[in-house]
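Enquirer: File name final.pdb; file contents PDB, C-alpha atoms; full text below.
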ATOM      1  CA  MET J  22       0.000   0.000   0.000
ATOM      2  CA  GLU J  23       2.963   2.292   0.629
ATOM      3  CA  TYR J  24       3.970   2.084  -3.029
ATOM      4  CA  VAL J  25       0.450   2.880  -4.173
ATOM      5  CA  ARG J  26       0.283   5.986  -1.963
ATOM      6  CA  ALA J  27       3.692   7.142  -3.202
ATOM      7  CA  PHE J  28       2.720   6.589  -6.831
ATOM      8  CA  LEU J  29      -0.620   8.370  -6.496
ATOM      9  CA  ALA J  30       0.783  11.319  -4.542
ATOM     10  CA  GLY J  31       3.723  11.888  -6.884
ATOM     11  CA  GLY J  32       1.449  11.431  -9.879
ATOM     12  CA  LEU J  33      -1.055  13.927  -8.485
ATOM     13  CA  VAL J  34       1.630  16.596  -8.098
ATOM     14  CA  CYS J  35       2.824  15.935 -11.653
ATOM     15  CA  VAL J  36      -0.724  16.042 -13.051
ATOM     16  CA  ILE J  37      -1.374  19.386 -11.360
ATOM     17  CA  ALA J  38       1.907  20.761 -12.723
ATOM     18  CA  GLN J  39       1.100  19.532 -16.227
ATOM     19  CA  LEU J  40      -2.385  21.062 -16.060
ATOM     20  CA  LEU J  41      -0.868  24.394 -15.056
ATOM     21  CA  ILE J  42       1.390  24.221 -18.103
ATOM     22  CA  ASP J  43      -1.272  23.028 -20.560
ATOM     23  CA  ARG J  44      -4.414  24.804 -19.374
ATOM     24  CA  GLY J  45      -3.109  27.575 -17.149
ATOM     25  CA  ARG J  46      -0.639  28.903 -19.698
ATOM     26  CA  TRP J  47       2.241  28.760 -17.223
ATOM     27  CA  THR J  48       5.756  28.204 -18.496
ATOM     28  CA  PRO J  49       7.577  25.058 -17.332
ATOM     29  CA  ALA J  50      10.103  27.237 -15.492
ATOM     30  CA  GLY J  51       7.282  29.062 -13.715
ATOM     31  CA  VAL J  52       5.677  25.808 -12.606
ATOM     32  CA  ALA J  53       9.037  24.460 -11.430
ATOM     33  CA  SER J  54       9.638  27.617  -9.416
ATOM     34  CA  LEU J  55       6.127  27.460  -7.994
ATOM     35  CA  LEU J  56       6.629  23.858  -6.840
ATOM     36  CA  VAL J  57       9.925  24.657  -5.129
ATOM     37  CA  VAL J  58       8.462  27.716  -3.386
ATOM     38  CA  LEU J  59       5.387  25.741  -2.282
ATOM     39  CA  GLY J  60       7.659  23.043  -0.898
ATOM     40  CA  VAL J  61       9.575  25.651   1.106
ATOM     41  CA  ILE J  62       6.418  27.304   2.444
ATOM     42  CA  LEU J  63       4.752  24.006   3.343
ATOM     43  CA  GLY J  64       8.026  22.761   4.846
ATOM     44  CA  PHE J  65       8.299  25.776   7.138
ATOM     45  CA  GLY J  66       4.640  25.417   8.074
ATOM     46  CA  GLY J  67       5.066  21.768   9.073
ATOM     47  CA  VAL J  68       2.440  20.595   6.580
ATOM     48  CA  TYR J  69       4.947  18.888   4.294
ATOM     49  CA  ASP J  70       6.296  16.800   7.205
ATOM     50  CA  ARG J  71       2.932  15.094   7.578
ATOM     51  CA  TRP J  72       2.629  14.696   3.792
ATOM     52  CA  VAL J  73       6.052  12.991   3.636
ATOM     53  CA  ALA J  74       5.177  10.747   6.586
ATOM     54  CA  TRP J  75       1.999   9.603   4.859
ATOM     55  CA  VAL J  76       3.103   9.185   1.215
ATOM     56  CA  GLY J  77       6.879   8.749   1.514
ATOM     57  CA  ALA J  78       8.835   9.022  -1.713
ATOM     58  CA  GLY J  79       5.815  10.308  -3.615
ATOM     59  CA  ALA J  80       6.255  13.602  -1.785
ATOM     60  CA  MET J  81      10.034  13.755  -2.089
ATOM     61  CA  LEU J  82      10.502  13.168  -5.814
ATOM     62  CA  PRO J  83       8.623  16.144  -7.312
ATOM     63  CA  LEU J  84      10.274  19.561  -7.185
ATOM     64  CA  SER J  85       8.199  20.443  -4.148
ATOM     65  CA  GLY J  86      10.329  17.877  -2.296
ATOM     66  CA  LEU J  87      13.446  19.872  -3.206
ATOM     67  CA  GLY J  88      11.892  22.964  -1.641
ATOM     68  CA  TYR J  89      11.028  20.923   1.436
ATOM     69  CA  VAL J  90      14.653  19.767   1.735
ATOM     70  CA  PHE J  91      15.798  23.394   1.489
ATOM     71  CA  ALA J  92      13.409  24.348   4.316
ATOM     72  CA  LYS J  93      14.581  21.426   6.468
ATOM     73  CA  GLY J  94      18.201  22.522   6.013
ATOM     74  CA  VAL J  95      17.422  25.960   7.392
ATOM     75  CA  MET J  96      15.311  24.642  10.275
ATOM     76  CA  ALA J  97      17.854  22.006  11.388
ATOM     77  CA  GLY J  98      20.294  23.012  14.053
ATOM     78  CA  PRO J  99      20.852  26.519  15.376
ATOM     79  CA  GLN J 100      19.059  29.369  13.659
ATOM     80  CA  PRO J 101      21.409  31.024  11.157
ATOM     81  CA  SER J 102      21.967  34.758  11.349
ATOM     82  CA  GLY J 103      22.643  36.607   8.142
ATOM     83  CA  LEU J 104      22.251  35.817   4.485
ATOM     84  CA  VAL J 105      25.440  33.787   4.084
ATOM     85  CA  ALA J 106      24.678  31.592   7.107
ATOM     86  CA  THR J 107      21.138  30.988   5.856
ATOM     87  CA  GLY J 108      22.470  30.005   2.421
ATOM     88  CA  GLY J 109      24.928  27.616   4.046
ATOM     89  CA  ALA J 110      22.135  26.092   6.111
ATOM     90  CA  VAL J 111      20.067  25.498   2.965
ATOM     91  CA  PHE J 112      22.820  23.395   1.445
ATOM     92  CA  ARG J 113      23.429  21.411   4.644
ATOM     93  CA  PHE J 114      20.720  18.956   3.607
ATOM     94  CA  ALA J 115      20.427  19.696  -0.090
ATOM     95  CA  GLY J 116      24.128  19.649  -0.946
ATOM     96  CA  ALA J 117      24.294  15.902  -1.545
ATOM     97  CA  LEU J 118      21.089  16.020  -3.566
ATOM     98  CA  LEU J 119      22.371  18.825  -5.782
ATOM     99  CA  ALA J 120      25.744  17.094  -6.244
ATOM    100  CA  PHE J 121      23.939  13.922  -7.334
ATOM    101  CA  MET J 122      21.800  15.907  -9.792
ATOM    102  CA  VAL J 123      24.845  17.609 -11.332
ATOM    103  CA  ALA J 124      26.798  14.332 -11.572
ATOM    104  CA  GLY J 125      23.790  12.531 -13.057
ATOM    105  CA  SER J 126      23.272  15.276 -15.619
ATOM    106  CA  PHE J 127      26.936  15.150 -16.577
ATOM    107  CA  ALA J 128      26.811  11.365 -16.974
ATOM    108  CA  ALA J 129      23.656  11.633 -19.092
ATOM    109  CA  ALA J 130      25.349  14.244 -21.289
ATOM    110  CA  LEU J 131      28.292  11.897 -21.826
ATOM    111  CA  ILE J 132      26.066   8.956 -22.750
ATOM    112  CA  CYS J 133      23.469  10.814 -24.809
ATOM    113  CA  LYS J 134      23.967  13.412 -27.491
ATOM    114  CA  PRO J 135      22.590  16.668 -26.069
ATOM    115  CA  LYS J 136      21.170  19.225 -28.460
ATOM    116  CA  GLY J 137      22.669  22.669 -28.352
TER     117      GLY J 137
END
Any chance you could give the structure as structure tokens?
Expert:
Amino acid sequence: MEYVRAFLAGGLVCVIAQLLIDRGRWTPAGVASLLVVLGVILGFGGVYDRWVAWVGAGAMLPLSGLGYVFAKGVMAGPQPSGLVATGGAVFRFAGALLAFMVAGSFAAALICKPKG
């Protein structure tokens, strides 16, 4: 049942994003930004914690999960003071995720033939 909840939750987020692009006339970059910002806001509000506990990976894989990880990085540990400390706190949790994304993109570019 855990896999079903994860699949349905992640699929629901993706369907909503696709509807915003197709019917709402949003750009893909705008929808991506919206999902990250919503993940940050819901992460700070504590709502995303319950969502992750209930659906698991279905909440972490969409871009809203990236925003949630950014929020968790800031909320973990002592409260940062200043812009640089806050930026460092963001990457405390998300640094490994971003490094994996960059390395995966580089590997895909080596294997595939990117356009451009």
Enquirer: Taking the file as shown, what set of residues would the PyMOL selection byres ((chain J and resi 94) around 8) give back, as a PyMOL selection string?
Expert: chain J and resi 90-93+95-97+110-115
Enquirer: What does the distance from CA of Ile62 in chain J to CA of Ile42 in chain J come to in Å, to one decimal?
Expert: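 Going from CA of Ile62 in chain J over to CA of Ile42 in chain J covers 21.4 Å.
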Enquirer: Figure out the distance between CA of Ala117 in chain J and CA of Leu82 in chain J, please, to one decimal in Å.
Expert: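 We find that CA of Leu82 in chain J and CA of Ala117 in chain J lie 14.7 Å from each other.
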Enquirer: Nearest to Val52 in chain J: which of J:Gly77, J:Gly109, J:Val36, J:Gly125 is it, counting all atoms listed in the file?
Expert: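 Selected residue with least distance to Val52 in chain J: J:Val36.
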Enquirer: Under the rule that only C-alpha atoms are counted, which of J:Val123, J:Met22, J:Ala53, J:Cys133 is the nearest residue to Pro83 in chain J?
Expert: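 That would be J:Ala53, the residue with the smallest distance to Pro83 in chain J.
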Enquirer: Distance CA of Gly79 in chain J-CA of Ala38 in chain J, one decimal place?
Expert: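 Separating CA of Gly79 in chain J from CA of Ala38 in chain J is a distance of 14.4 Å.
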Enquirer: Output the residue selection produced by the PyMOL selection byres ((chain J and resi 59) around 12) on the file above, formatted as JSON, numbers by chain.
Expert: {"J": [34, 52, 53, 54, 55, 56, 57, 58, 60, 61, 62, 63, 64, 65, 66, 68, 69, 83, 84, 85, 86, 87, 88, 89, 90, 91, 92]}
Enquirer: Restricted to C-alpha atoms, what would the selected residues look like written as a compact mmCIF listing (two decimals), in the frame of the given file?
Expert:
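And here's part_14.txt as it stands now:
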# COMPACT_ATOMS: atom_id res chain seq x y z
CA VAL J 34 1.63 16.60 -8.10
CA VAL J 52 5.68 25.81 -12.61
CA ALA J 53 9.04 24.46 -11.43
CA SER J 54 9.64 27.62 -9.42
CA LEU J 55 6.13 27.46 -7.99
CA LEU J 56 6.63 23.86 -6.84
CA VAL J 57 9.93 24.66 -5.13
CA VAL J 58 8.46 27.72 -3.39
CA GLY J 60 7.66 23.04 -0.90
CA VAL J 61 9.57 25.65 1.11
CA ILE J 62 6.42 27.30 2.44
CA LEU J 63 4.75 24.01 3.34
CA GLY J 64 8.03 22.76 4.85
CA PHE J 65 8.30 25.78 7.14
CA GLY J 66 4.64 25.42 8.07
CA VAL J 68 2.44 20.60 6.58
CA TYR J 69 4.95 18.89 4.29
CA PRO J 83 8.62 16.14 -7.31
CA LEU J 84 10.27 19.56 -7.18
CA SER J 85 8.20 20.44 -4.15
CA GLY J 86 10.33 17.88 -2.30
CA LEU J 87 13.45 19.87 -3.21
CA GLY J 88 11.89 22.96 -1.64
CA TYR J 89 11.03 20.92 1.44
CA VAL J 90 14.65 19.77 1.74
CA PHE J 91 15.80 23.39 1.49
CA ALA J 92 13.41 24.35 4.32
Enquirer: Tell me which of J:Gly51, J:Ala80, J:Asp70, J:Ala120 sits closest to Gly32 in chain J, counting only C-alpha atoms.
Expert: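 Using only C-alpha atoms, Gly32 in chain J sits closest to J:Ala80.
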Enquirer: For range 128-136 of chain J, take all atoms listed in the file, fit an axis-aligned box around them, add 6 Å to each of the six sides, then output centre and edge lengths in Å rounded to one decimal, as AutoDock Vina command-line options.
Expert:
--center_x 24.7 --center_y 14.1 --center_z -22.7 --size_x 19.1 --size_y 22.3 --size_z 23.5
